[in-house]
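Asks: Below are the structure tokens for one structure; questions will follow.
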Amino acid sequence: MSRQILVTSALPYANGPIHIGHLVEYIQTDIWVRFQQLRGNQCIYICADDTHGTAIMIRARKEGRTEEDLIAAMSHEHQRDFHRFGINFDHYGSTNSEANRKICGEFWNALREADLITERSIEQLYDPDAETFLADRFVRGTCPKCGRTDQAGDNCTCGHTYSPTDLVDPKSTLSGATPVLREATHLFVQLDKLHDWLVDWVNTSDALQSEVANYLKGHFLAERLRDWDISRPAPYFGFEIPDSPGNYWYVWFDAPIGYIASTQQWCDGHGERLEHWWKNDDCEVHHFIGKDITYFHTLFWPGMLKTAGYNLPTKVHIHGFLNVDGKKMSKRDGTLISADTYLKYADPSYLRYFYATKLTPRVEDLDLGVEEFAEKVNSDLVGKVVNLASRVGKFAHGTGLSENYPDDGGLFEAAAAAGDEIAKAYEACDYSRAMRRIMELADAANPFVEHAKPWEMKKDPARQDELRDVCTVALNLFRQLAIYLAPVLPDLTTQCSELLGEEIVSWEQSRTPLLGTSVTKFKRMLNRLQTEELQKMIEESKELAAAEADTTAEPTFNDSDQPLKDEPLADEITIDDFAKVDLRVARVIKAEQVPEANKLLKLTLGLGGDEQRQVFAGIKAAYEPEALVGRLVVMVANLKPRKMRFGLSEGMVTAAGPGNADVFILGVDDGALPGQRVH
RNA sequence: GGGGCUGUAGCUCAGUUGGUUAGAGCUGGGGACUCAUAAUCCCUAGGUCGCGGGUUCAAGUCCUGCCAGCCCUACCA
């Protein structure tokens, strides 16, 4: 009984190129889809570019083009890369399509009807220059806890987390402007109304890996589910909400619906009905995703599907991240290798096979060790599998295959019997196990040729029948391997088909030997992988990253000349003049308000040990005392003490800026110690 | 701090419901062959199964404590 299966991979964001980390997922999915098709199931593979959101809007603006132009170019590039890696989508759409807008509307109405939508006003930082609300990652500023500057909008390297509205001296990374708080209405999905249903679904469906189910139960379902902020105010690149003008669906609302919209487009082109795939209990829906988007696919998405009356996922297959040589991929190390760069140095089959040997049904990170990668490809694929065909190909071209299958000591039969186990492993996404079993078969096949010594038969005209029998066995064992590897190595399968003049279309072909046909001239199938090529690949990635950093860094140096005009450079001095000023690193030990003073804060500065100075600084309008405590500042330590109305000031804290709220205290890089002199 | 996962030969891993001398591939050492892409074949080396307790006639396999590593999360996913 043939199954009907719809498969998706996560939608790549139209904001950057595909890299080898992304490919883990697409290769994993593609293998599964090809396996299902080989087994005779009706299986379609749907994907699309994820195109909406602030990041796309900002990037398009920076590049001076429309969003549509940007995402069209990106989609083209993505599809080109996927194609070159043998990722065989049945349809690759875009979330920025009319089909998607329409289905989003349908989901929206269903959520409204189920009374799951609520409205609330929230305050968010707004960039008055760029005229847009700012997501956390577009705000940087000084950590309110430790005073480190240039920290991200939601957390600091000191480990503290906070809201971007807590940042001292926040700046928009888009325009450099100081963001202001602005109120806007947002729409929320009250997910907690589906709490009981979700608990039940997580417990009873087979859709989730056990560790994922545990994670959900322990983290989210253990308490009240928070409302999900599902709208963004204009300007926003996305779909405007029909019954809430000026508000747009958040990109995470329309992205998963893109799975359905893209299916719709496929249906339109193939005379199919969407209901047959998405509103049909007989159709399985499988999502392949990375662990970072677990939450969306296992709580919100099922909730939305349930509410709108679509098929729930039969299975959400979640995989871990890719490391390279045991470390996170990084641009600096050159290990964040783009699909495009990879292809200049290595065959896509290598990566497909290597990932297959590493993938298990668990949510585990996988490691691409550069040495291991080359070893595995060379010894398994070239040395064992391809070698089997390579070593008899020349002989077989003359003899063709025997009419009857010769005695091979039970090798073919054993390999045919192993098919069920291998299929089971593929089905369970346990490719690692499948590859292991297949290589065991290859290990058993090579000794057969070795012991039969076909090269001796070749020299003896009386033994040509024997020679043909040996070739028949070797090539049939090779053919079995090619069939079992077909989901992983489509190119090898094609080459096998060409060699033997038989198209490989079904897993069942592994059960019966191919006999009595001619064999075409053997052509080399796969080259060995040189580790030097991999080194070059990493080098090129490094250079690309460096070049990119150059071009992106440039605009940030576009500084105004106003400060210099306001305060021209002073007269030249000698080094001796400068040496008279004793600048020291000091730690702010105490910082207090001076009740009667308009501009002053009273600071107690430590120079290490017991050495302390009391300093009055005119920074009241710019800094909260609490934010200063613990910070390192640079002070003029040998300034003659000066009596002020509120007490003695024994030095001066250095700072830049015209005054009032625009005062910026000089800091030092990590590692400096109180008491050290500034030279 | 909370949760999850992992810890078996130099490396990557397998070890089914607890049951004979713990396995494979790669690497290393020795040999053979020459059909094959410095491919292949044969032989060989090698591990107190992270550590300590416990249950059992019997534990890598179950329970418990500890140690190490990785990941997630830390009252806005």
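Quick note on naming: the chains in the structure tokens go A, B, ... in the order shown, residues restart at 1 in each chain, and ligands are numbered from 1 in order of appearance.
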Please report as an NGL selection string which residues of chain B come no farther than 12 Å from chain A, using only C-alpha atoms (C1' of nucleotides).

Replies: :B and (2-6 or 11-14 or 24-27 or 32-42 or 69-77)

Asks: A:Ala621: which residues within 12 Å, counting only C-alpha atoms (C1' of nucleotides), same-chain residues fewer than 4 positions away excluded, as a compact mmCIF listing (two decimals) with all heavy atoms, in the first residue's frame?

Replies:
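Result file is part.txt:
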# COMPACT_ATOMS: atom_id res chain seq x y z
N ASP A 169 22.09 55.02 27.16
CA ASP A 169 22.57 55.59 25.92
C ASP A 169 22.39 54.66 24.71
O ASP A 169 23.34 54.30 24.03
CB ASP A 169 24.07 55.92 26.09
CG ASP A 169 24.59 56.74 24.94
OD1 ASP A 169 23.78 57.46 24.33
OD2 ASP A 169 25.79 56.65 24.64
N GLN A 593 24.48 61.07 44.37
CA GLN A 593 23.87 62.33 43.99
C GLN A 593 24.31 63.40 44.98
O GLN A 593 24.54 63.13 46.16
CB GLN A 593 22.33 62.22 44.07
CG GLN A 593 21.72 61.25 43.08
CD GLN A 593 21.66 61.78 41.67
OE1 GLN A 593 22.08 62.91 41.40
NE2 GLN A 593 21.17 60.96 40.75
N ALA A 597 23.24 70.16 43.99
CA ALA A 597 23.93 70.47 42.74
C ALA A 597 23.08 70.18 41.52
O ALA A 597 22.31 69.24 41.50
CB ALA A 597 25.22 69.66 42.65
N ASN A 598 23.22 71.03 40.50
CA ASN A 598 22.45 70.83 39.27
C ASN A 598 23.09 69.82 38.32
O ASN A 598 22.42 69.11 37.62
CB ASN A 598 22.32 72.16 38.52
CG ASN A 598 21.51 73.15 39.31
OD1 ASN A 598 20.61 72.77 40.06
ND2 ASN A 598 21.83 74.43 39.18
N LYS A 599 24.41 69.85 38.29
CA LYS A 599 25.08 69.05 37.27
C LYS A 599 26.02 67.99 37.84
O LYS A 599 26.55 67.18 37.09
CB LYS A 599 25.92 69.97 36.37
CG LYS A 599 25.13 70.99 35.60
CD LYS A 599 26.05 71.79 34.69
CE LYS A 599 25.24 72.76 33.82
NZ LYS A 599 26.13 73.58 32.98
N LEU A 600 26.27 68.03 39.14
CA LEU A 600 27.36 67.22 39.67
C LEU A 600 26.94 65.89 40.28
O LEU A 600 25.87 65.76 40.86
CB LEU A 600 28.11 68.01 40.76
CG LEU A 600 28.80 69.29 40.29
CD1 LEU A 600 29.46 69.98 41.49
CD2 LEU A 600 29.82 68.99 39.22
N LEU A 601 27.83 64.92 40.11
CA LEU A 601 27.76 63.68 40.87
C LEU A 601 29.04 63.62 41.70
O LEU A 601 30.10 64.06 41.24
CB LEU A 601 27.72 62.46 39.95
CG LEU A 601 26.43 62.22 39.16
CD1 LEU A 601 26.57 60.94 38.35
CD2 LEU A 601 25.22 62.12 40.10
N ALA A 617 32.04 65.37 39.45
CA ALA A 617 32.03 65.36 37.98
C ALA A 617 30.71 65.89 37.45
O ALA A 617 29.64 65.59 37.99
CB ALA A 617 32.26 63.93 37.47
N PRO A 625 23.93 57.26 38.87
CA PRO A 625 25.04 56.85 39.75
C PRO A 625 25.22 55.32 39.79
O PRO A 625 26.34 54.84 39.72
CB PRO A 625 24.63 57.38 41.12
CG PRO A 625 23.68 58.49 40.84
CD PRO A 625 23.01 58.18 39.55
N GLY A 659 28.45 68.41 26.67
CA GLY A 659 27.98 68.64 28.02
C GLY A 659 26.55 68.20 28.22
O GLY A 659 25.93 67.63 27.31
N ASN A 660 26.03 68.47 29.40
CA ASN A 660 24.67 68.05 29.77
C ASN A 660 24.49 66.54 29.56
O ASN A 660 25.29 65.76 30.04
CB ASN A 660 23.64 68.86 29.01
CG ASN A 660 23.63 70.31 29.46
OD1 ASN A 660 23.88 70.58 30.64
ND2 ASN A 660 23.41 71.21 28.54
N ALA A 661 23.45 66.18 28.80
CA ALA A 661 23.20 64.74 28.62
C ALA A 661 24.20 64.12 27.66
O ALA A 661 24.40 62.92 27.65
CB ALA A 661 21.78 64.53 28.10
N ASP A 662 24.85 64.95 26.84
CA ASP A 662 25.81 64.41 25.87
C ASP A 662 27.22 64.42 26.43
O ASP A 662 28.08 65.18 26.00
CB ASP A 662 25.76 65.21 24.57
CG ASP A 662 24.46 64.94 23.82
OD1 ASP A 662 23.95 63.80 23.92
OD2 ASP A 662 23.95 65.87 23.17
N VAL A 663 27.41 63.59 27.42
CA VAL A 663 28.73 63.43 28.01
C VAL A 663 29.07 61.96 27.94
O VAL A 663 28.25 61.11 28.26
CB VAL A 663 28.74 63.91 29.47
CG1 VAL A 663 30.06 63.54 30.14
CG2 VAL A 663 28.52 65.41 29.54
N PHE A 664 30.29 61.67 27.50
CA PHE A 664 30.67 60.28 27.31
C PHE A 664 31.97 60.00 28.04
O PHE A 664 33.03 60.48 27.63
CB PHE A 664 30.80 59.98 25.82
CG PHE A 664 29.58 60.45 25.05
CD1 PHE A 664 29.61 61.66 24.37
CD2 PHE A 664 28.42 59.70 25.05
CE1 PHE A 664 28.48 62.11 23.70
CE2 PHE A 664 27.30 60.14 24.37
CZ PHE A 664 27.32 61.35 23.69

Asks: Give me the residues near A:Asp49 as number ranges by chain, where near means some atom within 6 Å (using only C-alpha atoms (C1' of nucleotides)) and where sequence neighbours in that chain fewer than 5 positions away do not count.

Replies: A: 11-12, 14, 94

Asks: Please, could you write that set of residues out with N, CA and C atoms as a PDB file, in the first residue's frame?

Replies:
ATOM      1  N   LEU A  11      12.149  27.028   5.792  1.00  0.00           N
ATOM      2  CA  LEU A  11      12.327  27.985   4.707  1.00  0.00           C
ATOM      3  C   LEU A  11      13.558  28.841   4.974  1.00  0.00           C
ATOM      4  N   PRO A  12      14.542  28.822   4.088  1.00  0.00           N
ATOM      5  CA  PRO A  12      15.731  29.647   4.325  1.00  0.00           C
ATOM      6  C   PRO A  12      15.392  31.120   4.205  1.00  0.00           C
ATOM      7  N   ALA A  14      15.717  34.897   3.202  1.00  0.00           N
ATOM      8  CA  ALA A  14      16.229  35.501   1.964  1.00  0.00           C
ATOM      9  C   ALA A  14      17.190  36.640   2.268  1.00  0.00           C
ATOM     10  N   SER A  94       7.810  31.129  -2.558  1.00  0.00           N
ATOM     11  CA  SER A  94       8.230  32.290  -1.791  1.00  0.00           C
ATOM     12  C   SER A  94       7.089  32.644  -0.849  1.00  0.00           C
TER      13      SER A  94
END

Asks: Stretch 317-554 of chain A: which residues are helix (DSSP H, G or I) by DSSP, as a ChimeraX atom specification?

Replies: /A:339-345,348-358,370-399,411-427,431-452,454-459,461-485,490-500,507-511,531-554

Asks: Please list as a ChimeraX atom specification every residue within 10 Å of stretch 69-82 of chain A, counting only C-alpha atoms (C1' of nucleotides) and excluding residues in the same chain fewer than 2 positions away.

Replies: /A:12-19,23,26-27,48-52,56-57,59-61,63-67,84-89,92-94,96,338-340,343

Asks: Just the residues within 10 Å of A:Arg101, please, counting only C-alpha atoms (C1' of nucleotides), with nothing from its chain fewer than 6 positions along; format it as a list in words.

Replies: Thr95, Gly238, Phe239, Glu240, Ile241, Asp254, Ile257, Gly258 and Ala261 of chain A

Asks: In Å, with one decimal, what is the gap from atom CA of A:Leu529 to atom CA of A:Lys344?

Replies: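 Spanning atom CA of A:Leu529 to atom CA of A:Lys344 is a straight-line distance of 12.7 Å.
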
Asks: From the DSSP assignment of the backbone, select every residue of stretch 212-285 of chain A that is strand (DSSP E or B), and format the answer as JSON, numbers by chain.

Replies: {"A": [228, 229, 231, 232, 233, 240, 247, 248, 249, 283, 284, 285]}

Asks: For the atom pair atom CA of A:Leu6 and atom CA of A:Glu275, what is the interatomic distance in Å to one decimal place?

Replies: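 It comes out at 12.3 Å.
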
Asks: Find the residues around B:G18 up to 8 Å (only C-alpha atoms (C1' of nucleotides) counted), leave out those fewer than 6 positions away in its own chain, and share them as a compact mmCIF listing (two decimals) with all heavy atoms, in the first residue's frame.

Replies:
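Output saved as part_32.txt:
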# COMPACT_ATOMS: atom_id res chain seq x y z
P A B 58 25.92 -12.66 41.16
OP1 A B 58 27.19 -12.20 41.74
OP2 A B 58 24.64 -12.03 41.56
O5' A B 58 26.04 -12.60 39.57
C5' A B 58 27.21 -13.10 38.93
C4' A B 58 27.08 -12.96 37.43
O4' A B 58 25.94 -13.74 36.97
C3' A B 58 26.78 -11.55 36.93
O3' A B 58 27.98 -10.82 36.80
C2' A B 58 26.13 -11.82 35.57
O2' A B 58 27.10 -12.09 34.58
C1' A B 58 25.34 -13.10 35.86
N9 A B 58 23.93 -12.85 36.17
C8 A B 58 23.33 -12.82 37.40
N7 A B 58 22.03 -12.59 37.35
C5 A B 58 21.78 -12.44 36.00
C6 A B 58 20.60 -12.18 35.28
N6 A B 58 19.41 -12.00 35.85
N1 A B 58 20.69 -12.09 33.93
C2 A B 58 21.89 -12.26 33.35
N3 A B 58 23.07 -12.52 33.93
C4 A B 58 22.94 -12.59 35.26
P A B 59 27.99 -9.25 37.14
OP1 A B 59 29.42 -8.83 37.21
OP2 A B 59 27.09 -9.04 38.29
O5' A B 59 27.31 -8.63 35.85
C5' A B 59 27.98 -8.62 34.57
C4' A B 59 27.72 -7.31 33.90
O4' A B 59 26.28 -7.14 33.83
C3' A B 59 28.25 -6.12 34.71
O3' A B 59 29.58 -5.76 34.36
C2' A B 59 27.21 -5.02 34.47
O2' A B 59 27.55 -4.18 33.39
C1' A B 59 25.94 -5.80 34.12
N9 A B 59 24.91 -5.79 35.16
C8 A B 59 25.04 -5.94 36.51
N7 A B 59 23.91 -5.91 37.16
C5 A B 59 22.96 -5.75 36.16
C6 A B 59 21.57 -5.65 36.19
N6 A B 59 20.83 -5.71 37.30
N1 A B 59 20.92 -5.47 35.01
C2 A B 59 21.65 -5.42 33.91
N3 A B 59 22.98 -5.51 33.75
C4 A B 59 23.57 -5.67 34.93
P U B 61 26.54 -1.08 33.02
OP1 U B 61 26.23 0.27 33.55
OP2 U B 61 26.63 -2.22 33.94
O5' U B 61 25.50 -1.45 31.88
C5' U B 61 24.77 -0.42 31.16
C4' U B 61 23.77 -1.11 30.27
O4' U B 61 24.46 -2.17 29.58
C3' U B 61 22.60 -1.75 31.01
O3' U B 61 21.37 -1.09 30.69
C2' U B 61 22.51 -3.17 30.49
O2' U B 61 21.28 -3.44 29.85
C1' U B 61 23.61 -3.26 29.43
N1 U B 61 24.41 -4.48 29.53
C2 U B 61 24.10 -5.49 28.62
O2 U B 61 23.21 -5.39 27.80
N3 U B 61 24.87 -6.62 28.75
C4 U B 61 25.90 -6.83 29.64
O4 U B 61 26.50 -7.89 29.61
C5 U B 61 26.14 -5.74 30.53
C6 U B 61 25.40 -4.62 30.46
P C B 62 21.07 0.37 31.13
OP1 C B 62 20.30 1.00 30.04
OP2 C B 62 22.30 1.00 31.63
O5' C B 62 20.11 0.15 32.37
C5' C B 62 18.89 -0.55 32.24
C4' C B 62 18.36 -0.91 33.61
O4' C B 62 19.00 -2.13 34.07
C3' C B 62 18.67 0.11 34.69
O3' C B 62 17.72 1.16 34.70
C2' C B 62 18.61 -0.73 35.95
O2' C B 62 17.27 -0.97 36.35
C1' C B 62 19.23 -2.04 35.46
N1 C B 62 20.69 -2.12 35.71
C2 C B 62 21.16 -2.21 37.02
O2 C B 62 20.33 -2.22 37.95
N3 C B 62 22.48 -2.28 37.25
C4 C B 62 23.34 -2.27 36.23
N4 C B 62 24.64 -2.36 36.50
C5 C B 62 22.90 -2.18 34.87
C6 C B 62 21.58 -2.10 34.66

Asks: At a cut-off of 10 Å, using only C-alpha atoms (C1' of nucleotides), what residues contact A:Asp227? Leave out same-chain residues fewer than 3 positions from it and give the result as an MDAnalysis selection string.

Replies: chainID A and resid 116:118 187:193 224 230

Asks: What does the distance from atom CA of A:His270 to atom CA of A:Asp90 come to in Å, to one decimal?

Replies: 10.4 Å

Asks: Nearest residue to B:G28 out of B:G1, B:G54, B:G10, B:G15, using only C-alpha atoms (C1' of nucleotides)?

Replies: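 The shortest atom-to-atom distance to B:G28 comes from B:G10.
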